[in-house]
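**Student:** target01.cif is reproduced in full below (mmCIF, C-alpha atoms and all ligand atoms).
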data_coords
#
loop_
_atom_site.label_atom_id
_atom_site.label_comp_id
_atom_site.auth_asym_id
_atom_site.auth_seq_id
_atom_site.Cartn_x
_atom_site.Cartn_y
_atom_site.Cartn_z
CA MET A 24 5.54 73.50 -15.33
CA THR A 25 8.57 74.01 -13.15
CA LEU A 26 10.55 71.18 -11.65
CA MET A 27 9.40 72.31 -8.24
CA ARG A 28 5.72 72.00 -9.11
CA ARG A 29 6.19 68.66 -10.81
CA THR A 30 8.16 67.32 -7.87
CA LEU A 31 5.52 68.45 -5.43
CA LEU A 32 2.62 67.12 -7.43
CA ARG A 33 4.07 63.80 -8.52
CA GLY A 34 2.93 60.96 -6.34
CA LEU A 35 -0.19 62.76 -5.22
CA THR A 36 -3.36 60.92 -6.09
CA ALA A 37 -6.07 63.16 -7.39
CA VAL A 38 -8.92 63.15 -4.91
CA PRO A 39 -12.16 64.71 -6.07
CA MET A 40 -13.10 67.55 -3.78
CA VAL A 41 -16.70 67.23 -2.70
CA VAL A 42 -17.74 70.06 -0.46
CA GLY A 43 -21.32 70.70 0.44
CA ALA A 44 -21.96 74.23 -0.77
CA SER A 45 -24.34 74.88 2.07
CA THR A 46 -21.55 74.36 4.60
CA LEU A 47 -19.44 77.17 3.19
CA PRO A 48 -20.33 80.78 3.93
CA SER A 49 -20.72 82.93 0.86
CA ALA A 50 -18.36 85.82 0.32
CA ALA A 51 -20.95 88.15 1.75
CA GLN A 52 -21.28 86.05 4.88
CA ALA A 53 -17.58 85.45 5.39
CA PRO A 54 -16.39 86.96 8.64
CA VAL A 55 -14.08 89.92 8.34
CA PRO A 56 -10.59 88.97 9.53
CA ALA A 57 -10.07 90.60 12.85
CA ALA A 58 -7.36 90.57 15.48
CA PRO A 59 -5.66 87.18 16.03
CA PRO A 60 -7.71 84.94 18.29
CA GLU A 61 -6.87 84.99 21.94
CA GLY A 62 -4.09 82.60 22.72
CA ALA A 63 -2.40 82.96 19.32
CA GLY A 64 1.36 82.74 19.57
CA THR A 65 3.91 85.18 18.30
CA PRO A 66 6.26 83.66 15.73
CA SER A 67 9.83 84.00 16.92
CA THR A 68 12.68 84.91 14.63
CA MET A 69 15.75 82.71 14.33
CA PRO A 70 18.82 83.96 16.18
CA PRO A 71 22.02 84.01 14.06
CA PRO A 72 24.27 80.91 14.15
CA GLY A 73 26.71 80.78 17.04
CA ARG A 74 29.02 78.27 15.37
CA THR A 75 29.66 76.59 12.03
CA LEU A 76 30.34 72.89 11.42
CA ASP A 77 31.79 71.44 8.24
CA LEU A 78 30.20 68.21 7.05
CA TYR A 79 31.44 66.20 4.08
CA ALA A 80 29.46 63.74 1.96
CA VAL A 81 31.81 61.19 0.40
CA GLU A 82 31.76 57.83 -1.32
CA LEU A 83 32.98 54.94 0.85
CA PRO A 84 34.14 51.46 -0.20
CA LYS A 85 31.30 49.30 -1.50
CA ASP A 86 29.68 46.74 0.79
CA GLY A 87 29.54 43.81 -1.61
CA THR A 88 27.86 45.37 -4.61
CA GLN A 89 26.06 48.01 -2.53
CA VAL A 90 27.26 51.60 -3.00
CA ARG A 91 28.05 53.23 0.34
CA LEU A 92 28.02 56.97 0.98
CA GLY A 93 28.75 58.62 4.30
CA TYR A 94 28.84 61.94 6.11
CA GLY A 95 31.87 63.00 8.17
CA PHE A 96 33.27 66.07 9.92
CA THR A 97 36.29 65.48 7.68
CA PRO A 98 36.32 63.54 4.38
CA GLU A 99 38.66 60.97 5.95
CA THR A 100 36.36 60.27 8.91
CA ALA A 101 33.12 59.87 6.96
CA THR A 102 31.06 56.88 8.11
CA TYR A 103 27.63 55.35 7.80
CA PRO A 104 25.78 56.28 9.95
CA GLY A 105 27.29 59.77 10.04
CA PRO A 106 28.65 61.56 13.10
CA LEU A 107 26.57 62.77 16.03
CA ILE A 108 25.56 66.43 15.81
CA GLU A 109 24.93 67.81 19.31
CA MET A 110 23.01 70.98 20.08
CA THR A 111 21.64 72.69 23.18
CA GLU A 112 18.14 74.15 23.31
CA GLY A 113 18.18 77.79 22.24
CA GLU A 114 21.20 77.31 19.97
CA THR A 115 21.47 78.06 16.24
CA ILE A 116 24.18 76.36 14.19
CA ALA A 117 25.32 76.58 10.59
CA ILE A 118 26.40 73.41 8.80
CA ARG A 119 28.45 73.75 5.64
CA LEU A 120 27.87 70.59 3.60
CA HIS A 121 30.57 69.75 1.04
CA ASN A 122 29.53 67.31 -1.67
CA GLN A 123 32.53 65.16 -2.54
CA VAL A 124 30.54 62.26 -3.96
CA PRO A 125 31.57 61.70 -7.60
CA GLU A 126 28.98 62.84 -10.11
CA ALA A 127 29.08 59.44 -11.84
CA THR A 128 28.12 57.70 -8.59
CA LEU A 129 25.16 60.03 -8.06
CA LYS A 130 24.06 59.53 -11.68
CA ALA A 131 24.22 55.76 -11.22
CA LEU A 132 21.96 56.04 -8.15
CA GLN A 133 19.45 58.28 -9.93
CA VAL A 134 16.15 56.40 -10.27
CA ASP A 135 13.93 59.39 -11.00
CA PRO A 136 15.29 61.41 -13.98
CA GLU A 137 13.83 64.63 -12.58
CA THR A 138 15.82 64.35 -9.36
CA PRO A 139 18.82 66.66 -9.39
CA ILE A 140 22.34 65.24 -9.26
CA GLY A 141 23.51 66.20 -5.80
CA VAL A 142 23.27 65.43 -2.11
CA SER A 143 21.51 67.31 0.67
CA LEU A 144 21.01 67.66 4.40
CA HIS A 145 17.52 67.38 5.82
CA VAL A 146 16.97 67.33 9.58
CA HIS A 147 14.15 66.20 11.83
CA GLY A 148 12.87 67.94 14.95
CA VAL A 149 14.89 71.12 15.05
CA ARG A 150 13.72 74.22 13.21
CA TYR A 151 15.02 75.59 9.90
CA GLN A 152 13.85 77.85 7.13
CA TRP A 153 12.81 76.72 3.68
CA GLU A 154 16.25 77.12 2.12
CA SER A 155 17.63 74.67 4.71
CA ASP A 156 15.02 71.99 3.96
CA GLY A 157 17.43 69.88 1.89
CA THR A 158 14.85 68.96 -0.73
CA ALA A 159 14.83 69.13 -4.52
CA HIS A 160 11.70 71.26 -4.80
CA THR A 161 13.27 73.98 -2.65
CA GLY A 162 16.53 73.72 -4.61
CA SER A 163 18.37 73.26 -1.31
CA HIS A 164 20.66 70.48 -2.47
CA VAL A 165 24.38 70.53 -3.23
CA PRO A 166 25.76 69.69 -6.72
CA PRO A 167 28.98 67.64 -6.83
CA GLY A 168 32.06 69.60 -5.84
CA GLU A 169 30.15 72.44 -4.19
CA PRO A 170 29.35 73.54 -0.63
CA ARG A 171 26.06 74.77 0.78
CA THR A 172 25.24 76.08 4.25
CA TYR A 173 22.22 74.87 6.22
CA VAL A 174 21.04 76.62 9.38
CA TRP A 175 19.31 74.76 12.22
CA HIS A 176 17.78 76.16 15.39
CA ALA A 177 17.08 74.05 18.49
CA LYS A 178 14.02 75.87 19.75
CA ALA A 179 13.76 76.33 23.50
CA PRO A 180 10.40 75.83 25.23
CA SER A 181 8.04 78.78 25.06
CA HIS A 182 6.42 79.16 28.45
CA LYS A 183 4.33 82.03 27.14
CA ASP A 184 2.88 79.92 24.29
CA ARG A 185 2.91 76.77 26.45
CA LEU A 186 4.75 74.89 23.72
CA PRO A 187 7.64 72.47 24.11
CA GLY A 188 11.23 72.91 23.02
CA THR A 189 13.10 70.59 20.70
CA ALA A 190 15.16 68.69 23.29
CA GLY A 191 15.42 65.02 22.38
CA TYR A 192 16.78 62.66 19.78
CA TRP A 193 16.52 63.36 16.07
CA TRP A 194 18.32 62.56 12.85
CA TYR A 195 19.57 64.05 9.61
CA HIS A 196 19.69 62.54 6.16
CA ASP A 197 19.96 63.16 2.44
CA HIS A 198 16.69 63.97 0.68
CA VAL A 199 17.63 64.07 -3.04
CA VAL A 200 19.79 61.09 -4.04
CA GLY A 201 17.94 58.70 -6.35
CA THR A 202 14.43 60.07 -5.84
CA PRO A 203 12.88 63.31 -4.49
CA HIS A 204 12.71 61.53 -1.14
CA GLY A 205 16.39 60.68 -0.95
CA THR A 206 15.67 56.96 -0.94
CA GLY A 207 18.98 56.28 -2.70
CA GLY A 208 20.92 58.38 -0.20
CA LEU A 209 19.28 56.72 2.79
CA THR A 210 19.92 53.26 1.38
CA ALA A 211 23.56 54.14 0.67
CA GLY A 212 24.20 55.50 4.18
CA LEU A 213 23.67 59.27 4.12
CA LEU A 214 22.09 59.50 7.55
CA GLY A 215 23.18 60.41 11.07
CA PRO A 216 21.99 61.20 14.61
CA VAL A 217 21.18 64.53 16.27
CA VAL A 218 20.75 65.17 19.98
CA VAL A 219 19.34 68.37 21.43
CA ARG A 220 20.16 68.68 25.12
CA ARG A 221 18.58 70.99 27.67
CA SER A 222 21.15 73.08 29.49
CA GLY A 223 22.04 71.12 32.60
CA ASP A 224 21.31 67.67 31.11
CA PRO A 225 24.02 65.21 32.12
CA ARG A 226 26.48 64.42 29.36
CA PRO A 227 27.19 60.75 28.64
CA ASP A 228 30.60 59.07 28.56
CA HIS A 229 29.60 57.33 25.31
CA THR A 230 26.85 57.81 22.74
CA PHE A 231 25.95 54.85 20.53
CA THR A 232 23.66 55.10 17.52
CA THR A 233 21.58 52.29 16.05
CA PHE A 234 19.68 52.77 12.82
CA PHE A 235 17.08 50.01 12.50
CA GLY A 236 16.44 49.72 8.78
CA ASN A 237 15.46 47.78 5.72
CA LEU A 238 16.13 44.10 5.24
CA GLN A 239 16.66 43.42 8.93
CA THR A 240 19.68 45.68 9.32
CA ILE A 241 21.25 47.62 12.17
CA ASN A 242 23.40 50.48 10.85
CA LEU A 243 22.90 48.97 7.37
CA ARG A 244 24.58 45.73 8.48
CA ARG A 245 23.35 42.32 9.54
CA SER A 246 24.72 40.13 12.28
CA PRO A 247 27.51 39.05 12.59
CA ASN A 248 28.82 42.08 10.63
CA ILE A 249 27.15 44.65 12.90
CA ASP A 250 29.42 44.15 15.89
CA ALA A 251 32.97 45.45 15.44
CA TYR A 252 33.83 44.73 19.11
CA ASP A 253 37.20 43.08 19.71
CA PRO A 254 37.43 41.48 23.19
CA MET A 255 41.23 41.59 22.98
CA ASN A 256 41.08 45.34 22.41
CA PRO A 257 37.69 46.47 23.75
CA VAL A 258 37.47 50.02 22.44
CA ALA A 259 34.20 51.86 21.90
CA GLY A 260 33.41 52.85 18.32
CA PRO A 261 30.55 53.60 15.95
CA ASN A 262 29.75 49.88 15.69
CA SER A 263 31.46 48.67 18.86
CA PHE A 264 29.10 49.33 21.76
CA VAL A 265 31.48 49.04 24.71
CA ALA A 266 31.46 50.71 28.13
CA ARG A 267 32.91 50.09 31.56
CA GLU A 268 30.50 49.22 34.36
CA GLY A 269 29.28 52.50 35.89
CA GLU A 270 29.84 54.68 32.83
CA ARG A 271 26.93 56.80 31.59
CA VAL A 272 25.91 55.55 28.17
CA GLU A 273 23.50 57.11 25.73
CA PHE A 274 21.73 55.17 23.00
CA ILE A 275 20.17 56.91 20.01
CA VAL A 276 17.69 54.83 18.04
CA ILE A 277 16.42 55.74 14.59
CA CYS A 278 14.17 53.78 12.25
CA THR A 279 14.45 54.03 8.46
CA GLY A 280 13.19 52.05 5.50
CA ASN A 281 9.87 50.31 5.13
CA ASP A 282 9.45 48.14 8.22
CA MET A 283 8.35 48.45 11.81
CA HIS A 284 10.77 47.24 14.47
CA THR A 285 10.93 46.85 18.22
CA TRP A 286 14.19 47.92 19.88
CA HIS A 287 15.14 45.82 22.87
CA LEU A 288 18.18 45.91 25.18
CA HIS A 289 18.96 43.24 27.74
CA GLY A 290 19.87 44.01 31.36
CA HIS A 291 18.89 47.70 31.24
CA SER A 292 15.71 49.81 31.25
CA TRP A 293 15.02 53.52 30.83
CA ALA A 294 12.44 56.29 31.15
CA ASP A 295 10.25 56.65 28.07
CA THR A 296 10.54 60.43 27.82
CA ARG A 297 11.80 62.80 25.12
CA THR A 298 15.28 62.83 26.58
CA GLY A 299 15.25 59.47 28.35
CA LEU A 300 15.85 61.42 31.58
CA ILE A 301 13.48 62.23 34.44
CA GLU A 302 12.98 65.66 35.96
CA ASN A 303 14.36 66.46 39.40
CA GLY A 304 15.12 62.80 40.00
CA GLN A 305 11.42 62.05 40.30
CA SER A 306 9.26 60.25 37.78
CA PHE A 307 6.32 59.17 39.99
CA ASP A 308 4.18 56.90 37.86
CA SER A 309 3.57 59.32 35.03
CA VAL A 310 6.60 58.14 33.08
CA ARG A 311 6.86 54.53 32.03
CA THR A 312 10.05 52.61 32.52
CA ILE A 313 10.57 50.40 29.47
CA ASP A 314 13.13 48.05 27.96
CA ASN A 315 11.50 47.57 24.55
CA LYS A 316 10.12 50.21 22.18
CA THR A 317 8.22 50.00 18.90
CA ILE A 318 9.49 52.23 16.11
CA GLY A 319 8.44 52.90 12.53
CA PRO A 320 10.22 54.64 9.64
CA GLY A 321 11.20 58.21 10.56
CA ASP A 322 10.88 57.64 14.30
CA SER A 323 13.71 58.36 16.69
CA PHE A 324 14.23 58.17 20.42
CA GLY A 325 17.07 57.91 22.88
CA PHE A 326 17.94 57.56 26.52
CA GLN A 327 20.79 57.29 28.99
CA VAL A 328 21.63 54.39 31.29
CA ILE A 329 24.43 53.55 33.67
CA ALA A 330 26.21 50.60 32.09
CA GLY A 331 25.68 47.41 34.07
CA ASP A 332 23.71 49.24 36.77
CA ILE A 333 22.65 46.41 39.16
CA SER A 334 22.89 43.99 36.22
CA GLY A 335 26.70 44.07 36.15
CA PRO A 336 29.13 43.44 33.31
CA GLY A 337 28.32 41.17 30.40
CA ASP A 338 27.72 40.93 26.67
CA TRP A 339 24.14 42.21 26.73
CA MET A 340 22.07 41.46 23.63
CA LEU A 341 20.59 44.38 21.71
CA HIS A 342 18.12 43.30 19.05
CA CYS A 343 14.86 43.76 17.23
CA HIS A 344 12.18 41.84 19.08
CA MET A 345 10.22 40.99 15.94
CA GLN A 346 11.35 37.40 16.01
CA PHE A 347 11.94 36.85 12.31
CA HIS A 348 13.95 40.09 12.17
CA SER A 349 16.26 39.01 15.02
CA ASP A 350 16.55 35.53 13.52
CA MET A 351 17.53 37.08 10.17
CA GLY A 352 20.41 38.96 11.79
CA MET A 353 18.97 42.06 13.43
CA ALA A 354 20.96 41.55 16.62
CA THR A 355 24.15 42.83 18.17
CA ALA A 356 25.46 43.40 21.70
CA PHE A 357 26.21 46.06 24.29
CA HIS A 358 29.48 44.96 25.88
CA VAL A 359 29.74 46.07 29.52
CA LEU A 360 33.28 45.60 30.83
CA ASP A 361 33.97 45.16 34.51
CA ILE A 362 34.96 48.10 36.69
CA ASN A 363 38.63 47.62 35.69
CA GLY A 364 37.82 47.63 31.99
CA ASN A 365 38.16 43.88 31.46
CA PRO A 366 35.75 41.86 29.31
CA VAL A 367 33.86 39.24 31.27
CA SER A 368 33.86 36.70 28.50
CA HIS A 369 35.95 36.03 25.44
CA ASP A 370 33.78 33.33 24.00
CA MET A 371 30.40 34.84 23.30
CA PRO A 372 28.81 32.68 20.63
CA ALA A 373 28.56 34.55 17.36
CA MET A 374 25.06 35.78 16.62
CA THR A 375 24.69 34.64 13.07
CA SER A 376 21.71 35.20 10.89
CA MET A 377 19.69 32.18 9.96
CA PRO A 378 20.28 31.04 6.38
CA SER A 379 16.68 30.11 5.81
CA MET A 380 13.41 30.76 7.56
CA SER A 381 11.41 28.42 5.37
CA SER A 382 11.57 25.49 7.79
CA MET A 383 10.11 27.48 10.66
CA PRO A 384 6.44 27.05 11.55
CA GLY A 385 4.35 29.84 10.10
CA MET A 386 7.09 30.98 7.73
CA HIS A 387 6.74 30.48 4.03
CA GLY A 388 9.97 30.73 2.11
CA HIS A 389 12.65 33.40 2.00
CU CU B 401 12.82 44.57 13.22
#
The structure given in the file should be rewritten as structure tokens.
Ligand SMILES: [Cu+2]
**Tutor:**
Amino acid sequence: MTLMRRTLLRGLTAVPMVVGASTLPSAAQAPVPAAPPEGAGTPSTMPPPGRTLDLYAVELPKDGTQVRLGYGFTPETATYPGPLIEMTEGETIAIRLHNQVPEATLKALQVDPETPIGVSLHVHGVRYQWESDGTAHTGSHVPPGEPRTYVWHAKAPSHKDRLPGTAGYWWYHDHVVGTPHGTGGLTAGLLGPVVVRRSGDPRPDHTFTTFFGNLQTINLRRSPNIDAYDPMNPVAGPNSFVAREGERVEFIVICTGNDMHTWHLHGHSWADTRTGLIENGQSFDSVRTIDNKTIGPGDSFGFQVIAGDISGPGDWMLHCHMQFHSDMGMATAFHVLDINGNPVSHDMPAMTSMPSMSSMPGMHGH
């Protein structure tokens, strides 16, 4: 049996197939295939890539004993989470992934001996062909020291087929490190955000990404290590969510791991749509305005707000609203500076994780 077959079949529980014979037409009765039913769509072909990005997978310094891997547009700028990949509906891009993670590191992360030694790039939401799936069973992974090109297409809406486009917030991640599901790569940090904009969508001044993940983490960190903000030098960064009052800020939220979370931001609310934007400035009542959203593993969403709109500057909490998650350190802040770029407060109490939950009512040990 080939690796591909074994990989596909492993993990599937055999379910006995019980089909009432009388419900199936015999060969003689089977209808002759005719013209496609009315309303059938016409599969589109993928336009050729209009641009090529280089993406590097590298090993980063360990976090304690935890191996960290990251993606970057250059090896030197690799981070976890990885960099934002932006597309516009209708666009095709090629991404050349270079695997610079040492073979020994990948071998050490290998849990399933049938998983190849390599890294990959698997994307959600946008379209790609089989060879760009980034999975072991398609062989679309990258051995150490080699490059491989993946092609993604951000499908535009089809008015003829009455089907939506791929505008919205998605993510990319490894799918082969450790297990055929890339669990080792995800745990180590091989993940990043994708946004597909519609032409004409407003572009934000800042985009901030939060991965809500295993063990009560945001971007694989727990409070107080999530927030890299320095009030003496308030500069926006991958883990420093800082904006001046009035700036347009985009948040991208992705859930990984094995837990459900609720993503909550203080002082701001947004439209619960694919793009977090409303059409023609009008939402009527068909679109909910929310400030808290439930997410499970694999989910992603995003939105734009004007920083401090009505609510003004401040160190606005951003946290999981499952109480034991926030108490365990799943909390950070969105720092809105005043209109001149000055922090409003230098003495925000540190949001530390609680050392023990065992004394809390309803909690039993930790
Ligand atoms: Cu949570």
**Student:** Under the rule that only C-alpha atoms are counted, which of A:Leu144, A:Leu186, A:Ala131, A:Ala251 is the nearest residue to Gly201 in chain A?
**Tutor:** A:Ala131
**Student:** Which one is closest to ligand CU 401 (chain B): A:Asp338, A:Glu270, A:Asp282, A:Asp322? Count only C-alpha atoms and all ligand atoms.
**Tutor:**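 Comparing A:Asp338, A:Glu270, A:Asp282, A:Asp322 against ligand CU 401 (chain B), the winner is A:Asp282.
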**Student:** For chain A against ligand CU 401 (chain B), with a cut-off of 6 Å and counting all atoms listed in the file, what is the closest atom pair and its distance in Å to one decimal for every residue that makes the cut, ordered by chain and number, as CSV?
**Tutor:**
residue,atom,partner,partner_atom,distance
A:Gln239,CA,B:CU401,CU,5.9
A:His284,CA,B:CU401,CU,3.6
A:Thr285,CA,B:CU401,CU,5.8
A:Cys343,CA,B:CU401,CU,4.6
A:Met345,CA,B:CU401,CU,5.2
A:His348,CA,B:CU401,CU,4.7
**Student:** In Å, with one decimal, what is the gap from CA of Gly335 in chain A to CA of Asp314 in chain A?
**Tutor:** 16.3 Å
**Student:** Within 10 Å of range 195-198 of chain A, which residues of range 98-143 of chain A come that close, and what is the closest atom pair and distance in Å for each? Count all atoms listed in the file and give it as CSV.
**Tutor:**
residue,atom,partner,partner_atom,distance
A:Pro104,CA,A:His196,CA,9.5
A:Gly105,CA,A:Tyr195,CA,8.8
A:Leu107,CA,A:Tyr195,CA,9.6
A:Ile108,CA,A:Tyr195,CA,8.9
A:Gly141,CA,A:Asp197,CA,9.5
A:Val142,CA,A:Asp197,CA,6.1
A:Ser143,CA,A:Asp197,CA,4.8
**Student:** Keeping only C-alpha atoms, write the selected residues as a PDB file, keeping the file's coordinate frame.
**Tutor:**
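File written: part-v6.pdb
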ATOM      1  CA  PRO A 104      25.780  56.280   9.950  1.00  0.00           C
ATOM      2  CA  GLY A 105      27.290  59.770  10.040  1.00  0.00           C
ATOM      3  CA  LEU A 107      26.570  62.770  16.030  1.00  0.00           C
ATOM      4  CA  ILE A 108      25.560  66.430  15.810  1.00  0.00           C
ATOM      5  CA  GLY A 141      23.510  66.200  -5.800  1.00  0.00           C
ATOM      6  CA  VAL A 142      23.270  65.430  -2.110  1.00  0.00           C
ATOM      7  CA  SER A 143      21.510  67.310   0.670  1.00  0.00           C
TER       8      SER A 143
END
**Student:** How big is the axis-aligned box around all listed atoms of range 148-158 of chain A once 5 Å goes on each side, and where's its centre, in Å to one decimal, as lines of an AutoDock Vina configuration file?
**Tutor:**
center_x = 15.2
center_y = 72.9
center_z = 7.2
size_x = 14.8
size_y = 19.9
size_z = 25.8
**Student:** Which residue is closest to Gly236 in chain A? Choose from A:Met353, A:Leu92, A:Val265, A:Ile275 and count all atoms listed in the file.
**Tutor:**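 Residue with the minimum atom-to-atom distance to Gly236 in chain A: A:Met353.
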**Student:** For range 309-378 of chain A against range 204-227 of chain A, with a cut-off of 12 Å and counting all atoms listed in the file, what is the closest atom pair and its distance in Å to one decimal for every residue that makes the cut, ordered by chain and number, as JSON lines?
**Tutor:**
{"residue": "A:Pro320", "atom": "CA", "partner": "A:Leu209", "partner_atom": "CA", "distance": 11.5}
{"residue": "A:Gly321", "atom": "CA", "partner": "A:Leu209", "partner_atom": "CA", "distance": 11.3}
{"residue": "A:Asp322", "atom": "CA", "partner": "A:Pro216", "partner_atom": "CA", "distance": 11.7}
{"residue": "A:Ser323", "atom": "CA", "partner": "A:Pro216", "partner_atom": "CA", "distance": 9.0}
{"residue": "A:Phe324", "atom": "CA", "partner": "A:Val218", "partner_atom": "CA", "distance": 9.6}
{"residue": "A:Gly325", "atom": "CA", "partner": "A:Val218", "partner_atom": "CA", "distance": 8.6}
{"residue": "A:Phe326", "atom": "CA", "partner": "A:Pro227", "partner_atom": "CA", "distance": 10.0}
{"residue": "A:Gln327", "atom": "CA", "partner": "A:Pro227", "partner_atom": "CA", "distance": 7.3}
{"residue": "A:Val328", "atom": "CA", "partner": "A:Pro227", "partner_atom": "CA", "distance": 8.9}
{"residue": "A:Ile329", "atom": "CA", "partner": "A:Pro227", "partner_atom": "CA", "distance": 9.2}
{"residue": "A:Ala330", "atom": "CA", "partner": "A:Pro227", "partner_atom": "CA", "distance": 10.8}
**Student:** When you draw a straight line from CA of Ala179 in chain A to CA of His229 in chain A, how long is it in Å?
**Tutor:**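 Atom-to-atom, CA of Ala179 in chain A to CA of His229 in chain A, that is 24.8 Å.
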